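Content type mmCIF, N, CA and C atoms, from the file coords19.cif:
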data_coords
#
loop_
_atom_site.label_atom_id
_atom_site.label_comp_id
_atom_site.auth_asym_id
_atom_site.auth_seq_id
_atom_site.Cartn_x
_atom_site.Cartn_y
_atom_site.Cartn_z
N GLN T 1 0.84 -1.19 0.00
CA GLN T 1 0.00 0.00 0.00
C GLN T 1 0.88 1.24 0.00
N VAL T 2 0.61 2.13 -0.95
CA VAL T 2 1.39 3.36 -1.04
C VAL T 2 0.95 4.32 0.05
N GLN T 3 1.93 4.92 0.70
CA GLN T 3 1.61 5.84 1.79
C GLN T 3 2.63 6.95 1.83
N PHE T 4 2.15 8.17 2.12
CA PHE T 4 3.01 9.33 2.30
C PHE T 4 2.74 9.90 3.68
N VAL T 5 3.81 10.18 4.42
CA VAL T 5 3.67 10.76 5.75
C VAL T 5 4.53 12.02 5.82
N GLU T 6 3.85 13.16 5.87
CA GLU T 6 4.54 14.44 5.89
C GLU T 6 4.76 14.91 7.33
N SER T 7 5.87 15.62 7.55
CA SER T 7 6.17 16.17 8.87
C SER T 7 7.09 17.37 8.73
N GLY T 8 7.26 18.09 9.83
CA GLY T 8 8.21 19.19 9.86
C GLY T 8 7.61 20.59 9.82
N GLY T 9 6.30 20.67 9.67
CA GLY T 9 5.67 21.99 9.62
C GLY T 9 5.65 22.65 10.99
N GLY T 10 5.15 23.88 11.00
CA GLY T 10 5.06 24.61 12.26
C GLY T 10 4.78 26.08 12.03
N LEU T 11 4.89 26.84 13.10
CA LEU T 11 4.71 28.29 13.05
C LEU T 11 6.08 28.96 12.99
N VAL T 12 6.25 29.84 12.03
CA VAL T 12 7.54 30.51 11.85
C VAL T 12 7.29 31.96 11.47
N GLN T 13 8.21 32.82 11.85
CA GLN T 13 8.10 34.22 11.49
C GLN T 13 8.52 34.45 10.05
N PRO T 14 8.04 35.51 9.44
CA PRO T 14 8.51 35.84 8.08
C PRO T 14 10.03 35.94 8.04
N GLY T 15 10.59 35.36 6.99
CA GLY T 15 12.04 35.33 6.86
C GLY T 15 12.66 34.08 7.44
N GLY T 16 11.88 33.31 8.16
CA GLY T 16 12.40 32.10 8.79
C GLY T 16 12.48 30.92 7.83
N SER T 17 12.88 29.77 8.40
CA SER T 17 13.10 28.57 7.60
C SER T 17 12.44 27.37 8.26
N LEU T 18 12.07 26.42 7.43
CA LEU T 18 11.58 25.12 7.89
C LEU T 18 12.05 24.06 6.91
N ARG T 19 12.16 22.83 7.42
CA ARG T 19 12.49 21.71 6.56
C ARG T 19 11.40 20.65 6.71
N LEU T 20 10.71 20.39 5.61
CA LEU T 20 9.66 19.39 5.61
C LEU T 20 10.22 18.05 5.15
N SER T 21 9.63 16.98 5.68
CA SER T 21 10.01 15.63 5.29
C SER T 21 8.77 14.88 4.83
N CYS T 22 8.96 13.99 3.87
CA CYS T 22 7.88 13.13 3.39
C CYS T 22 8.43 11.71 3.32
N ALA T 23 8.00 10.88 4.24
CA ALA T 23 8.40 9.48 4.24
C ALA T 23 7.45 8.71 3.34
N THR T 24 8.02 7.94 2.41
CA THR T 24 7.19 7.19 1.47
C THR T 24 7.32 5.70 1.73
N SER T 25 6.28 4.98 1.36
CA SER T 25 6.32 3.52 1.46
C SER T 25 5.42 2.96 0.38
N GLY T 26 5.74 1.74 -0.04
CA GLY T 26 4.91 1.07 -1.02
C GLY T 26 5.17 1.44 -2.46
N ILE T 27 6.21 2.21 -2.72
CA ILE T 27 6.54 2.59 -4.08
C ILE T 27 8.03 2.37 -4.30
N ASP T 28 8.39 2.23 -5.57
CA ASP T 28 9.82 2.14 -5.92
C ASP T 28 10.34 3.56 -6.02
N PHE T 29 10.87 4.04 -4.95
CA PHE T 29 11.24 5.44 -4.81
C PHE T 29 12.21 5.89 -5.87
N ARG T 30 13.03 5.01 -6.37
CA ARG T 30 14.07 5.41 -7.31
C ARG T 30 13.58 5.50 -8.75
N ARG T 31 12.32 5.11 -9.00
CA ARG T 31 11.85 5.06 -10.38
C ARG T 31 10.71 6.02 -10.66
N ILE T 32 10.36 6.84 -9.70
CA ILE T 32 9.23 7.74 -9.89
C ILE T 32 9.61 9.17 -9.57
N ASP T 33 8.86 10.07 -10.16
CA ASP T 33 9.03 11.49 -9.89
C ASP T 33 8.10 11.88 -8.75
N MET T 34 8.60 12.75 -7.89
CA MET T 34 7.84 13.18 -6.73
C MET T 34 7.69 14.70 -6.72
N ALA T 35 6.72 15.17 -5.96
CA ALA T 35 6.50 16.61 -5.87
C ALA T 35 5.97 16.98 -4.50
N TRP T 36 6.19 18.23 -4.13
CA TRP T 36 5.54 18.84 -2.99
C TRP T 36 4.42 19.72 -3.52
N TYR T 37 3.29 19.64 -2.86
CA TYR T 37 2.13 20.44 -3.19
C TYR T 37 1.73 21.21 -1.93
N ARG T 38 0.94 22.25 -2.12
CA ARG T 38 0.42 22.96 -0.95
C ARG T 38 -0.98 23.50 -1.24
N GLN T 39 -1.73 23.66 -0.18
CA GLN T 39 -3.07 24.24 -0.29
C GLN T 39 -3.23 25.27 0.79
N GLY T 40 -3.27 26.52 0.38
CA GLY T 40 -3.45 27.62 1.31
C GLY T 40 -4.92 27.85 1.63
N PRO T 41 -5.22 28.65 2.63
CA PRO T 41 -6.60 28.93 3.02
C PRO T 41 -7.41 29.50 1.85
N GLY T 42 -8.50 28.85 1.50
CA GLY T 42 -9.35 29.33 0.43
C GLY T 42 -8.76 29.21 -0.96
N LYS T 43 -7.69 28.44 -1.09
CA LYS T 43 -7.03 28.31 -2.39
C LYS T 43 -7.06 26.86 -2.87
N GLN T 44 -6.84 26.69 -4.16
CA GLN T 44 -6.70 25.35 -4.70
C GLN T 44 -5.30 24.80 -4.41
N ARG T 45 -5.23 23.50 -4.38
CA ARG T 45 -3.92 22.87 -4.18
C ARG T 45 -3.04 23.15 -5.38
N GLU T 46 -1.77 23.50 -5.12
CA GLU T 46 -0.84 23.79 -6.19
C GLU T 46 0.46 23.02 -5.98
N ARG T 47 1.12 22.74 -7.08
CA ARG T 47 2.41 22.07 -7.02
C ARG T 47 3.50 23.13 -6.86
N VAL T 48 4.41 22.94 -5.94
CA VAL T 48 5.44 23.95 -5.70
C VAL T 48 6.84 23.50 -6.08
N ALA T 49 7.10 22.19 -6.05
CA ALA T 49 8.44 21.71 -6.37
C ALA T 49 8.36 20.26 -6.81
N THR T 50 9.18 19.91 -7.80
CA THR T 50 9.23 18.53 -8.28
C THR T 50 10.67 18.04 -8.32
N ILE T 51 10.82 16.73 -8.17
CA ILE T 51 12.13 16.10 -8.31
C ILE T 51 11.93 14.81 -9.07
N SER T 52 12.70 14.65 -10.14
CA SER T 52 12.55 13.47 -10.98
C SER T 52 13.28 12.27 -10.37
N SER T 53 13.06 11.11 -10.98
CA SER T 53 13.75 9.91 -10.52
C SER T 53 15.26 10.09 -10.61
N GLY T 54 15.71 10.88 -11.57
CA GLY T 54 17.13 11.13 -11.73
C GLY T 54 17.68 12.29 -10.93
N GLY T 55 16.78 13.00 -10.24
CA GLY T 55 17.24 14.08 -9.38
C GLY T 55 17.07 15.49 -9.95
N SER T 56 16.53 15.62 -11.15
CA SER T 56 16.28 16.96 -11.70
C SER T 56 15.15 17.62 -10.94
N THR T 57 15.27 18.93 -10.76
CA THR T 57 14.28 19.65 -9.95
C THR T 57 13.65 20.80 -10.75
N ASN T 58 12.43 21.13 -10.36
CA ASN T 58 11.72 22.28 -10.91
C ASN T 58 10.90 22.92 -9.80
N TYR T 59 10.69 24.23 -9.95
CA TYR T 59 9.99 24.97 -8.90
C TYR T 59 8.97 25.91 -9.49
N ALA T 60 7.90 26.13 -8.74
CA ALA T 60 6.97 27.17 -9.09
C ALA T 60 7.67 28.52 -8.96
N ASP T 61 7.27 29.47 -9.78
CA ASP T 61 7.90 30.78 -9.75
C ASP T 61 7.82 31.42 -8.36
N SER T 62 6.74 31.14 -7.66
CA SER T 62 6.51 31.77 -6.36
C SER T 62 7.51 31.32 -5.29
N VAL T 63 8.18 30.19 -5.51
CA VAL T 63 9.11 29.68 -4.49
C VAL T 63 10.53 29.55 -5.01
N LYS T 64 10.72 29.81 -6.28
CA LYS T 64 12.04 29.65 -6.89
C LYS T 64 13.07 30.53 -6.17
N GLY T 65 14.21 29.93 -5.85
CA GLY T 65 15.26 30.65 -5.16
C GLY T 65 15.13 30.62 -3.64
N ARG T 66 13.98 30.16 -3.14
CA ARG T 66 13.76 30.10 -1.69
C ARG T 66 13.59 28.66 -1.20
N PHE T 67 12.99 27.80 -2.01
CA PHE T 67 12.73 26.41 -1.63
C PHE T 67 13.68 25.49 -2.38
N THR T 68 14.05 24.39 -1.72
CA THR T 68 14.89 23.38 -2.35
C THR T 68 14.31 22.01 -2.05
N ILE T 69 14.04 21.25 -3.10
CA ILE T 69 13.54 19.88 -2.94
C ILE T 69 14.72 18.92 -3.10
N SER T 70 14.72 17.87 -2.29
CA SER T 70 15.77 16.87 -2.37
C SER T 70 15.20 15.54 -1.91
N LYS T 71 15.98 14.47 -2.07
CA LYS T 71 15.49 13.16 -1.63
C LYS T 71 16.65 12.30 -1.17
N ASP T 72 16.33 11.39 -0.28
CA ASP T 72 17.28 10.43 0.26
C ASP T 72 16.80 9.04 -0.16
N TYR T 73 17.53 8.42 -1.11
CA TYR T 73 17.11 7.13 -1.62
C TYR T 73 17.09 6.07 -0.52
N ALA T 74 18.07 6.09 0.34
CA ALA T 74 18.18 5.06 1.38
C ALA T 74 17.00 5.12 2.34
N LYS T 75 16.50 6.33 2.59
CA LYS T 75 15.40 6.51 3.53
C LYS T 75 14.05 6.61 2.83
N SER T 76 14.03 6.58 1.49
CA SER T 76 12.79 6.75 0.74
C SER T 76 12.03 7.99 1.22
N THR T 77 12.75 9.06 1.38
CA THR T 77 12.19 10.29 1.94
C THR T 77 12.50 11.46 1.02
N VAL T 78 11.50 12.31 0.86
CA VAL T 78 11.65 13.54 0.09
C VAL T 78 11.62 14.72 1.07
N TYR T 79 12.45 15.70 0.82
CA TYR T 79 12.54 16.87 1.71
C TYR T 79 12.19 18.14 0.95
N LEU T 80 11.76 19.14 1.70
CA LEU T 80 11.57 20.47 1.15
C LEU T 80 12.16 21.47 2.14
N GLN T 81 13.29 22.03 1.76
CA GLN T 81 13.91 23.08 2.57
C GLN T 81 13.31 24.41 2.15
N MET T 82 12.73 25.11 3.10
CA MET T 82 12.05 26.37 2.80
C MET T 82 12.74 27.49 3.57
N ASN T 83 13.28 28.43 2.83
CA ASN T 83 13.95 29.59 3.41
C ASN T 83 13.21 30.87 3.03
N SER T 84 13.54 31.93 3.73
CA SER T 84 12.93 33.24 3.45
C SER T 84 11.42 33.14 3.34
N LEU T 85 10.82 32.48 4.30
CA LEU T 85 9.38 32.24 4.24
C LEU T 85 8.58 33.54 4.32
N LYS T 86 7.47 33.53 3.61
CA LYS T 86 6.57 34.68 3.53
C LYS T 86 5.18 34.28 4.05
N PRO T 87 4.40 35.23 4.48
CA PRO T 87 3.04 34.89 4.94
C PRO T 87 2.24 34.14 3.88
N GLU T 88 2.47 34.45 2.62
CA GLU T 88 1.74 33.77 1.54
C GLU T 88 2.15 32.31 1.35
N ASP T 89 3.19 31.88 2.05
CA ASP T 89 3.57 30.46 2.03
C ASP T 89 2.74 29.64 3.01
N THR T 90 1.92 30.31 3.81
CA THR T 90 1.07 29.59 4.75
C THR T 90 0.14 28.64 4.02
N ALA T 91 0.19 27.38 4.39
CA ALA T 91 -0.58 26.34 3.69
C ALA T 91 -0.35 25.00 4.39
N VAL T 92 -1.16 24.04 3.99
CA VAL T 92 -0.88 22.65 4.33
C VAL T 92 -0.06 22.08 3.17
N TYR T 93 1.06 21.49 3.50
CA TYR T 93 1.98 20.96 2.50
C TYR T 93 1.85 19.43 2.44
N TYR T 94 1.82 18.93 1.21
CA TYR T 94 1.69 17.51 0.94
C TYR T 94 2.75 17.06 -0.06
N CYS T 95 3.08 15.79 -0.03
CA CYS T 95 3.88 15.22 -1.10
C CYS T 95 3.04 14.17 -1.81
N ASN T 96 3.39 13.92 -3.05
CA ASN T 96 2.70 12.91 -3.85
C ASN T 96 3.50 12.71 -5.12
N LEU T 97 3.00 11.81 -5.95
CA LEU T 97 3.68 11.56 -7.22
C LEU T 97 3.52 12.77 -8.14
N ASP T 98 4.38 12.82 -9.12
CA ASP T 98 4.27 13.82 -10.17
C ASP T 98 4.45 13.14 -11.51
N PRO T 99 3.40 13.13 -12.36
CA PRO T 99 2.08 13.68 -12.11
C PRO T 99 1.26 12.82 -11.16
N LEU T 100 0.17 13.37 -10.70
CA LEU T 100 -0.69 12.63 -9.80
C LEU T 100 -1.28 11.41 -10.51
N ARG T 101 -1.39 10.31 -9.76
CA ARG T 101 -1.90 9.07 -10.35
C ARG T 101 -2.97 8.44 -9.46
N GLY T 102 -3.67 9.28 -8.73
CA GLY T 102 -4.76 8.77 -7.91
C GLY T 102 -4.32 8.17 -6.60
N ILE T 103 -3.05 8.35 -6.22
CA ILE T 103 -2.58 7.87 -4.91
C ILE T 103 -3.17 8.78 -3.83
N PRO T 104 -3.74 8.21 -2.79
CA PRO T 104 -4.35 9.04 -1.75
C PRO T 104 -3.35 10.00 -1.12
N TRP T 105 -3.84 11.17 -0.77
CA TRP T 105 -3.00 12.16 -0.10
C TRP T 105 -2.75 11.74 1.34
N GLY T 106 -1.59 12.14 1.86
CA GLY T 106 -1.32 11.97 3.27
C GLY T 106 -2.05 13.03 4.07
N GLN T 107 -1.72 13.12 5.35
CA GLN T 107 -2.40 14.09 6.20
C GLN T 107 -1.86 15.50 6.02
N GLY T 108 -0.72 15.61 5.39
CA GLY T 108 -0.10 16.92 5.19
C GLY T 108 0.53 17.45 6.45
N THR T 109 1.25 18.55 6.31
CA THR T 109 1.85 19.21 7.46
C THR T 109 1.60 20.71 7.33
N GLN T 110 1.11 21.31 8.41
CA GLN T 110 0.71 22.71 8.38
C GLN T 110 1.93 23.61 8.55
N VAL T 111 2.06 24.57 7.64
CA VAL T 111 3.07 25.61 7.74
C VAL T 111 2.35 26.95 7.88
N THR T 112 2.66 27.66 8.95
CA THR T 112 2.06 28.97 9.19
C THR T 112 3.17 29.99 9.33
N VAL T 113 3.14 31.00 8.49
CA VAL T 113 4.14 32.06 8.52
C VAL T 113 3.45 33.33 9.00
N SER T 114 3.81 33.76 10.19
CA SER T 114 3.13 34.89 10.80
C SER T 114 4.05 35.58 11.79
N PRO T 115 3.95 36.93 11.89
CA PRO T 115 4.80 37.64 12.86
C PRO T 115 4.53 37.18 14.29
#
Will you turn the file into structure tokens for me?
Amino acid sequence: QVQFVESGGGLVQPGGSLRLSCATSGIDFRRIDMAWYRQGPGKQRERVATISSGGSTNYADSVKGRFTISKDYAKSTVYLQMNSLKPEDTAVYYCNLDPLRGIPWGQGTQVTVSP
């Protein structure tokens, strides 16, 4: 059974940093592309960062230069390092496949950026 477990969120001041983790199970981590998504209050879920099976990365314009996606093959875990956080980054963050293939979402991790 495929499962994603996100962690690492919290409350941080503008300009601060957080590192999110996504532990995966039930998939061949080395053969699929993964992404971080987020859903802010009253907004649709959006993709913010992707990492291919080979390690290539892409970012939404809104986070480019501030967020870094990476993965640890041995731990089957995907990370999202978030720096220079802004209030508009407030959202529940999720990981999933890229593109989406109907795998259920995890519980997500809440990130709140506020003074």
- Result set, the PyMOL selection byres (((chain T and resi 4-21 and name CA) around 10) and name CA) on current file, as a PyMOL selection string: chain T and resi 2-3+22-27+36+66-71+77-97+103-115
Deliver the residues from the most recent selection as a file, using N, CA and C atoms, as a compact mmCIF listing (two decimals), in the frame of the given file.
# COMPACT_ATOMS: atom_id res chain seq x y z
N VAL T 2 0.61 2.13 -0.95
CA VAL T 2 1.39 3.36 -1.04
C VAL T 2 0.95 4.32 0.05
N GLN T 3 1.93 4.92 0.70
CA GLN T 3 1.61 5.84 1.79
C GLN T 3 2.63 6.95 1.83
N CYS T 22 8.96 13.99 3.87
CA CYS T 22 7.88 13.13 3.39
C CYS T 22 8.43 11.71 3.32
N ALA T 23 8.00 10.88 4.24
CA ALA T 23 8.40 9.48 4.24
C ALA T 23 7.45 8.71 3.34
N THR T 24 8.02 7.94 2.41
CA THR T 24 7.19 7.19 1.47
C THR T 24 7.32 5.70 1.73
N SER T 25 6.28 4.98 1.36
CA SER T 25 6.32 3.52 1.46
C SER T 25 5.42 2.96 0.38
N GLY T 26 5.74 1.74 -0.04
CA GLY T 26 4.91 1.07 -1.02
C GLY T 26 5.17 1.44 -2.46
N ILE T 27 6.21 2.21 -2.72
CA ILE T 27 6.54 2.59 -4.08
C ILE T 27 8.03 2.37 -4.30
N TRP T 36 6.19 18.23 -4.13
CA TRP T 36 5.54 18.84 -2.99
C TRP T 36 4.42 19.72 -3.52
N ARG T 66 13.98 30.16 -3.14
CA ARG T 66 13.76 30.10 -1.69
C ARG T 66 13.59 28.66 -1.20
N PHE T 67 12.99 27.80 -2.01
CA PHE T 67 12.73 26.41 -1.63
C PHE T 67 13.68 25.49 -2.38
N THR T 68 14.05 24.39 -1.72
CA THR T 68 14.89 23.38 -2.35
C THR T 68 14.31 22.01 -2.05
N ILE T 69 14.04 21.25 -3.10
CA ILE T 69 13.54 19.88 -2.94
C ILE T 69 14.72 18.92 -3.10
N SER T 70 14.72 17.87 -2.29
CA SER T 70 15.77 16.87 -2.37
C SER T 70 15.20 15.54 -1.91
N LYS T 71 15.98 14.47 -2.07
CA LYS T 71 15.49 13.16 -1.63
C LYS T 71 16.65 12.30 -1.17
N THR T 77 12.75 9.06 1.38
CA THR T 77 12.19 10.29 1.94
C THR T 77 12.50 11.46 1.02
N VAL T 78 11.50 12.31 0.86
CA VAL T 78 11.65 13.54 0.09
C VAL T 78 11.62 14.72 1.07
N TYR T 79 12.45 15.70 0.82
CA TYR T 79 12.54 16.87 1.71
C TYR T 79 12.19 18.14 0.95
N LEU T 80 11.76 19.14 1.70
CA LEU T 80 11.57 20.47 1.15
C LEU T 80 12.16 21.47 2.14
N GLN T 81 13.29 22.03 1.76
CA GLN T 81 13.91 23.08 2.57
C GLN T 81 13.31 24.41 2.15
N MET T 82 12.73 25.11 3.10
CA MET T 82 12.05 26.37 2.80
C MET T 82 12.74 27.49 3.57
N ASN T 83 13.28 28.43 2.83
CA ASN T 83 13.95 29.59 3.41
C ASN T 83 13.21 30.87 3.03
N SER T 84 13.54 31.93 3.73
CA SER T 84 12.93 33.24 3.45
C SER T 84 11.42 33.14 3.34
N LEU T 85 10.82 32.48 4.30
CA LEU T 85 9.38 32.24 4.24
C LEU T 85 8.58 33.54 4.32
N LYS T 86 7.47 33.53 3.61
CA LYS T 86 6.57 34.68 3.53
C LYS T 86 5.18 34.28 4.05
N PRO T 87 4.40 35.23 4.48
CA PRO T 87 3.04 34.89 4.94
C PRO T 87 2.24 34.14 3.88
N GLU T 88 2.47 34.45 2.62
CA GLU T 88 1.74 33.77 1.54
C GLU T 88 2.15 32.31 1.35
N ASP T 89 3.19 31.88 2.05
CA ASP T 89 3.57 30.46 2.03
C ASP T 89 2.74 29.64 3.01
N THR T 90 1.92 30.31 3.81
CA THR T 90 1.07 29.59 4.75
C THR T 90 0.14 28.64 4.02
N ALA T 91 0.19 27.38 4.39
CA ALA T 91 -0.58 26.34 3.69
C ALA T 91 -0.35 25.00 4.39
N VAL T 92 -1.16 24.04 3.99
CA VAL T 92 -0.88 22.65 4.33
C VAL T 92 -0.06 22.08 3.17
N TYR T 93 1.06 21.49 3.50
CA TYR T 93 1.98 20.96 2.50
C TYR T 93 1.85 19.43 2.44
N TYR T 94 1.82 18.93 1.21
CA TYR T 94 1.69 17.51 0.94
C TYR T 94 2.75 17.06 -0.06
N CYS T 95 3.08 15.79 -0.03
CA CYS T 95 3.88 15.22 -1.10
C CYS T 95 3.04 14.17 -1.81
N ASN T 96 3.39 13.92 -3.05
CA ASN T 96 2.70 12.91 -3.85
C ASN T 96 3.50 12.71 -5.12
N LEU T 97 3.00 11.81 -5.95
CA LEU T 97 3.68 11.56 -7.22
C LEU T 97 3.52 12.77 -8.14
N ILE T 103 -3.05 8.35 -6.22
CA ILE T 103 -2.58 7.87 -4.91
C ILE T 103 -3.17 8.78 -3.83
N PRO T 104 -3.74 8.21 -2.79
CA PRO T 104 -4.35 9.04 -1.75
C PRO T 104 -3.35 10.00 -1.12
N TRP T 105 -3.84 11.17 -0.77
CA TRP T 105 -3.00 12.16 -0.10
C TRP T 105 -2.75 11.74 1.34
N GLY T 106 -1.59 12.14 1.86
CA GLY T 106 -1.32 11.97 3.27
C GLY T 106 -2.05 13.03 4.07
N GLN T 107 -1.72 13.12 5.35
CA GLN T 107 -2.40 14.09 6.20
C GLN T 107 -1.86 15.50 6.02
N GLY T 108 -0.72 15.61 5.39
CA GLY T 108 -0.10 16.92 5.19
C GLY T 108 0.53 17.45 6.45
N THR T 109 1.25 18.55 6.31
CA THR T 109 1.85 19.21 7.46
C THR T 109 1.60 20.71 7.33
N GLN T 110 1.11 21.31 8.41
CA GLN T 110 0.71 22.71 8.38
C GLN T 110 1.93 23.61 8.55
N VAL T 111 2.06 24.57 7.64
CA VAL T 111 3.07 25.61 7.74
C VAL T 111 2.35 26.95 7.88
N THR T 112 2.66 27.66 8.95
CA THR T 112 2.06 28.97 9.19
C THR T 112 3.17 29.99 9.33
N VAL T 113 3.14 31.00 8.49
CA VAL T 113 4.14 32.06 8.52
C VAL T 113 3.45 33.33 9.00
N SER T 114 3.81 33.76 10.19
CA SER T 114 3.13 34.89 10.80
C SER T 114 4.05 35.58 11.79
N PRO T 115 3.95 36.93 11.89
CA PRO T 115 4.80 37.64 12.86
C PRO T 115 4.53 37.18 14.29
Assign secondary structure with DSSP using the backbone only, and return the residues of region 70-107 of chain T in strand (DSSP E) as a compact mmCIF listing (two decimals) with N, CA and C atoms, keeping the file's coordinate frame.
# COMPACT_ATOMS: atom_id res chain seq x y z
N SER T 70 14.72 17.87 -2.29
CA SER T 70 15.77 16.87 -2.37
C SER T 70 15.20 15.54 -1.91
N LYS T 71 15.98 14.47 -2.07
CA LYS T 71 15.49 13.16 -1.63
C LYS T 71 16.65 12.30 -1.17
N ASP T 72 16.33 11.39 -0.28
CA ASP T 72 17.28 10.43 0.26
C ASP T 72 16.80 9.04 -0.16
N THR T 77 12.75 9.06 1.38
CA THR T 77 12.19 10.29 1.94
C THR T 77 12.50 11.46 1.02
N VAL T 78 11.50 12.31 0.86
CA VAL T 78 11.65 13.54 0.09
C VAL T 78 11.62 14.72 1.07
N TYR T 79 12.45 15.70 0.82
CA TYR T 79 12.54 16.87 1.71
C TYR T 79 12.19 18.14 0.95
N LEU T 80 11.76 19.14 1.70
CA LEU T 80 11.57 20.47 1.15
C LEU T 80 12.16 21.47 2.14
N GLN T 81 13.29 22.03 1.76
CA GLN T 81 13.91 23.08 2.57
C GLN T 81 13.31 24.41 2.15
N MET T 82 12.73 25.11 3.10
CA MET T 82 12.05 26.37 2.80
C MET T 82 12.74 27.49 3.57
N ALA T 91 0.19 27.38 4.39
CA ALA T 91 -0.58 26.34 3.69
C ALA T 91 -0.35 25.00 4.39
N VAL T 92 -1.16 24.04 3.99
CA VAL T 92 -0.88 22.65 4.33
C VAL T 92 -0.06 22.08 3.17
N TYR T 93 1.06 21.49 3.50
CA TYR T 93 1.98 20.96 2.50
C TYR T 93 1.85 19.43 2.44
N TYR T 94 1.82 18.93 1.21
CA TYR T 94 1.69 17.51 0.94
C TYR T 94 2.75 17.06 -0.06
N CYS T 95 3.08 15.79 -0.03
CA CYS T 95 3.88 15.22 -1.10
C CYS T 95 3.04 14.17 -1.81
N ASN T 96 3.39 13.92 -3.05
CA ASN T 96 2.70 12.91 -3.85
C ASN T 96 3.50 12.71 -5.12
N LEU T 97 3.00 11.81 -5.95
CA LEU T 97 3.68 11.56 -7.22
C LEU T 97 3.52 12.77 -8.14
- Message: Considering all atoms listed in the file, can you say which of T:Arg30, T:Lys75, T:Arg47, T:Arg101 comes closest to Ala60 (chain T)?
- Response: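 Nearest to Ala60 (chain T): T:Arg47.
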- Using the chain letters and numbers from the file, which residues does the PyMOL selection byres (((chain T and resi 31 and name CA) around 9) and name CA) grab, as a ChimeraX atom specification? /T:27-30,32-33,52-54
- Query: So how far away is CA of Arg45 (chain T) from CA of Gly65 (chain T), in Å?
  - Reply: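 Atom-to-atom, CA of Gly65 (chain T) and CA of Arg45 (chain T) are spaced 20.7 Å apart.
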- Task: Rounded to one decimal place, report the atom N of Tyr37 (chain T)-CA of Gly55 (chain T) distance in Å.
- Result: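 Rounded to one decimal, the two atoms are 16.4 Å apart.
Taking CA of Met34 (chain T) as the reference point, CA of Pro99 (chain T) is found at 7.9 Å.
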What would region 56-60 of chain T look like with all heavy atoms restored, written as an mmCIF file, keeping the file's coordinate frame?
data_model
loop_
_atom_site.group_PDB
_atom_site.id
_atom_site.type_symbol
_atom_site.label_atom_id
_atom_site.label_comp_id
_atom_site.auth_asym_id
_atom_site.auth_seq_id
_atom_site.Cartn_x
_atom_site.Cartn_y
_atom_site.Cartn_z
ATOM 1 N N SER T 56 16.530 15.620 -11.150
ATOM 2 C CA SER T 56 16.280 16.960 -11.700
ATOM 3 C C SER T 56 15.150 17.620 -10.940
ATOM 4 O O SER T 56 14.185 16.962 -10.545
ATOM 5 C CB SER T 56 15.915 16.855 -13.175
ATOM 6 O OG SER T 56 16.960 16.274 -13.911
ATOM 7 N N THR T 57 15.270 18.930 -10.760
ATOM 8 C CA THR T 57 14.280 19.650 -9.950
ATOM 9 C C THR T 57 13.650 20.800 -10.750
ATOM 10 O O THR T 57 14.265 21.354 -11.667
ATOM 11 C CB THR T 57 14.919 20.227 -8.682
ATOM 12 O OG1 THR T 57 15.987 21.108 -9.050
ATOM 13 C CG2 THR T 57 15.462 19.112 -7.801
ATOM 14 N N ASN T 58 12.430 21.130 -10.360
ATOM 15 C CA ASN T 58 11.720 22.280 -10.910
ATOM 16 C C ASN T 58 10.900 22.920 -9.800
ATOM 17 O O ASN T 58 10.465 22.227 -8.879
ATOM 18 C CB ASN T 58 10.810 21.873 -12.072
ATOM 19 C CG ASN T 58 11.575 21.733 -13.365
ATOM 20 O OD1 ASN T 58 12.037 22.706 -13.937
ATOM 21 N ND2 ASN T 58 11.728 20.507 -13.826
ATOM 22 N N TYR T 59 10.690 24.230 -9.950
ATOM 23 C CA TYR T 59 9.990 24.970 -8.900
ATOM 24 C C TYR T 59 8.970 25.910 -9.490
ATOM 25 O O TYR T 59 9.143 26.453 -10.591
ATOM 26 C CB TYR T 59 10.998 25.778 -8.077
ATOM 27 C CG TYR T 59 12.048 24.934 -7.413
ATOM 28 C CD1 TYR T 59 13.261 24.677 -8.035
ATOM 29 C CD2 TYR T 59 11.816 24.376 -6.156
ATOM 30 C CE1 TYR T 59 14.222 23.879 -7.432
ATOM 31 C CE2 TYR T 59 12.771 23.578 -5.551
ATOM 32 C CZ TYR T 59 13.972 23.335 -6.196
ATOM 33 O OH TYR T 59 14.919 22.539 -5.594
ATOM 34 N N ALA T 60 7.900 26.130 -8.740
ATOM 35 C CA ALA T 60 6.970 27.170 -9.090
ATOM 36 C C ALA T 60 7.670 28.520 -8.960
ATOM 37 O O ALA T 60 8.554 28.689 -8.107
ATOM 38 C CB ALA T 60 5.748 27.121 -8.175
#
